[in-house]
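K.L.:
This is the structure, below, for whatever I ask next.
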Amino acid sequence: MTAETSEEVLLQKVREFNQDPRIHGLLVQLPLPKYISEHKVIEQINPKKDVDGFTPVNLGYLVSENTILAPATARAVLYLIESTGIKIEGKNAVVIGRSKIVGKPTAMMLLERNATVTICHSKTKNLAEHTKKADILIAAVGKPKLITKNMVKEGAVVIDVGINRVNGKISGDIDFENIRETAGYITPVPGGVGPMTIAMLMENTLKAMELAKKI
Ligand code: NAD
């Protein structure tokens, strides 16, 4: 597949992989070129092979708390929070970013674990007012150093999903160096959510293999 691949050729390829019993997991690398409908392509993926968890069926299952395959980055975020040993129930969790692949599924998974969840986005007024109340703070925006020290509560669990290229270097959305002392726990970029996402993608692929056996 190249950047010139037509929508119909891509859809045909997805249908072919859906039918192939040797393939258990299937994902379409986003973003797609503008002339291809992302929705149409994602919708075409067999939900049982949807290791990214982006199909409307799997997002629906996530909302109905009956998850089959959940988005890997959201799973990575939850895994990192749970690995600290803190109890999520009753905590104030603030998710910055409302994309359907990161922000929304992450918020849903936190809600399922009984956190009080606030979702902030580009139209949120006075972001700091919300972030300062967060026991758990997740930034999934794509803006370097959007979150500064004065926006973070002492002892908070801070998870940085953002990936930004600044002067040839990768950095997150959080001002890591200045917040690491304030935060109780904090993830670096690179080396935090990114590698954990890959691990969750692998785990989703194993789950998909198990699902195939049940058919
Ligand atoms: P997106 O562009 O789809 O969504 C960004 C969100 O940020 C939007 O909901 C928008 O409303 C919000 N936003 C924009 N400006 C804001 C502001 N000033 N204040 C508050 N909210 C604001 O992006 P995405 O696909 O959700 O990805 C977010 C970031 O996470 C990107 O940097 C992306 O590269 C990174 N990412 C990392 C991984 C990983 O594995 N580590 C996986 C997916 C995405």
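Chain labels run A, B, ... following the order of the structure tokens; each chain numbers its residues from 1, and ligands are numbered from 1 in the order shown.
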Which residues form the shell of 7 Å around ligand 1 when you count only C-alpha atoms and all ligand atoms, given as a VMD selection string?
P.N.:
chain A and resid 73 96 to 99 101 to 103 120 to 124 127 140 to 143 161 to 164 193 to 194 197
K.L.:
Could you name the residues that touch Gln29 in chain A at 12 Å or less, counting only C-alpha atoms, but leaving out those on the same chain fewer than 6 positions away, as a PDB file with N, CA, C and O atoms, in the first residue's frame?
P.N.:
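What landed in selection16.pdb:
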ATOM      1  N   MET A   1       0.849  -1.198   0.000  1.00  0.00           N
ATOM      2  CA  MET A   1       0.000   0.000   0.000  1.00  0.00           C
ATOM      3  C   MET A   1       0.895   1.263   0.000  1.00  0.00           C
ATOM      4  O   MET A   1       1.857   1.341   0.757  1.00  0.00           O
ATOM      5  N   THR A   2       0.539   2.216  -0.816  1.00  0.00           N
ATOM      6  CA  THR A   2       1.301   3.473  -0.865  1.00  0.00           C
ATOM      7  C   THR A   2       0.342   4.635  -0.575  1.00  0.00           C
ATOM      8  O   THR A   2      -0.871   4.422  -0.427  1.00  0.00           O
ATOM      9  N   ALA A   3       0.878   5.847  -0.552  1.00  0.00           N
ATOM     10  CA  ALA A   3       0.033   7.030  -0.310  1.00  0.00           C
ATOM     11  C   ALA A   3      -0.980   7.219  -1.435  1.00  0.00           C
ATOM     12  O   ALA A   3      -1.981   7.904  -1.269  1.00  0.00           O
ATOM     13  N   LEU A  10      -7.943  -0.261  -0.693  1.00  0.00           N
ATOM     14  CA  LEU A  10      -7.715  -0.430   0.748  1.00  0.00           C
ATOM     15  C   LEU A  10      -8.866  -1.223   1.389  1.00  0.00           C
ATOM     16  O   LEU A  10      -8.637  -2.162   2.171  1.00  0.00           O
ATOM     17  N   GLU A  38     -11.774   7.608   6.629  1.00  0.00           N
ATOM     18  CA  GLU A  38     -11.269   6.839   7.783  1.00  0.00           C
ATOM     19  C   GLU A  38     -12.414   5.992   8.368  1.00  0.00           C
ATOM     20  O   GLU A  38     -12.242   4.817   8.671  1.00  0.00           O
ATOM     21  N   VAL A  41     -13.258   2.880   6.302  1.00  0.00           N
ATOM     22  CA  VAL A  41     -12.227   1.841   6.364  1.00  0.00           C
ATOM     23  C   VAL A  41     -12.254   1.143   7.727  1.00  0.00           C
ATOM     24  O   VAL A  41     -12.260  -0.082   7.812  1.00  0.00           O
ATOM     25  N   ILE A  42     -12.313   1.933   8.796  1.00  0.00           N
ATOM     26  CA  ILE A  42     -12.297   1.352  10.155  1.00  0.00           C
ATOM     27  C   ILE A  42     -13.541   0.483  10.372  1.00  0.00           C
ATOM     28  O   ILE A  42     -13.477  -0.601  10.932  1.00  0.00           O
ATOM     29  N   VAL A  51      -7.548  -5.092  16.589  1.00  0.00           N
ATOM     30  CA  VAL A  51      -6.638  -5.003  17.742  1.00  0.00           C
ATOM     31  C   VAL A  51      -6.416  -3.562  18.217  1.00  0.00           C
ATOM     32  O   VAL A  51      -5.954  -3.341  19.339  1.00  0.00           O
ATOM     33  N   ASP A  52      -6.751  -2.588  17.373  1.00  0.00           N
ATOM     34  CA  ASP A  52      -6.683  -1.186  17.805  1.00  0.00           C
ATOM     35  C   ASP A  52      -7.914  -0.799  18.630  1.00  0.00           C
ATOM     36  O   ASP A  52      -7.895   0.203  19.338  1.00  0.00           O
ATOM     37  N   PHE A  54     -10.757   0.324  17.467  1.00  0.00           N
ATOM     38  CA  PHE A  54     -11.326   1.579  16.952  1.00  0.00           C
ATOM     39  C   PHE A  54     -12.656   1.403  16.229  1.00  0.00           C
ATOM     40  O   PHE A  54     -13.287   2.395  15.859  1.00  0.00           O
TER      41      PHE A  54
END
K.L.:
When you count only C-alpha atoms, which of these residues is closest to Glu129 in chain A: A:Leu110, A:Gly184, A:Val94, A:Asp160?
P.N.:
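Answer, going by the shortest atom-to-atom distance: A:Val94.
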K.L.:
Given the choices A:Met200, A:Thr84, A:Asp50, A:Pro105, which gets closest to Ile68 in chain A if the distance is worked out from only C-alpha atoms?
P.N.:
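Using only C-alpha atoms, Ile68 in chain A sits closest to A:Asp50.
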K.L.:
Please extract the residues of range 71-148 of chain A with a backbone DSSP assignment of strand (DSSP E or B) and present them as a VMD selection string.
P.N.:
chain A and resid 92 to 96 116 to 120 136 to 139 147
K.L.:
Which is closest to Met108 in chain A among A:Ile23, A:Leu62, A:Ala212, A:Ala72, if we use only C-alpha atoms?
P.N.:
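Using only C-alpha atoms, Met108 in chain A sits closest to A:Leu62.
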K.L.:
Using CA of Lys34 in chain A and CA of Thr55 in chain A as the two end points, give the distance in Å to one decimal.
P.N.:
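Separation of CA of Lys34 in chain A and CA of Thr55 in chain A: 19.1 Å.
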K.L.:
Where does DSSP see alpha helix (DSSP H) in range 7-211 of chain A, if you list the residues as a PyMOL selection string?
P.N.:
chain A and resi 7-19+38-44+56-63+72-83+103-112+127-131+176-179+193-211
K.L.:
Which one is closest to Asn167 in chain A: A:His39, A:Pro144, A:Ala107, A:Lys149? Count only C-alpha atoms.
P.N.:
A:Pro144
K.L.:
Determine the nearest neighbour of Ala199 in chain A from the options A:Val77, A:Ile88, A:Ile119, A:Ala139, counting only C-alpha atoms.
P.N.:
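That would be A:Val77, the residue with the smallest distance to Ala199 in chain A.
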K.L.:
For His130 in chain A, find every residue with an atom within 12 Å (counting only C-alpha atoms), except residues of its own chain fewer than 5 positions away, and show them as a list in words.
P.N.:
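Here the qualifying residues turn out to be Asn92, Ala93, Val94, Val95, Ile96, Val117, Thr118, Ile119, Cys120, His121, Thr124, Lys125, Asp135, Ile136, Leu137, Ile138, Ile147, Asn150, Met151, Val152 and Lys153 of chain A.
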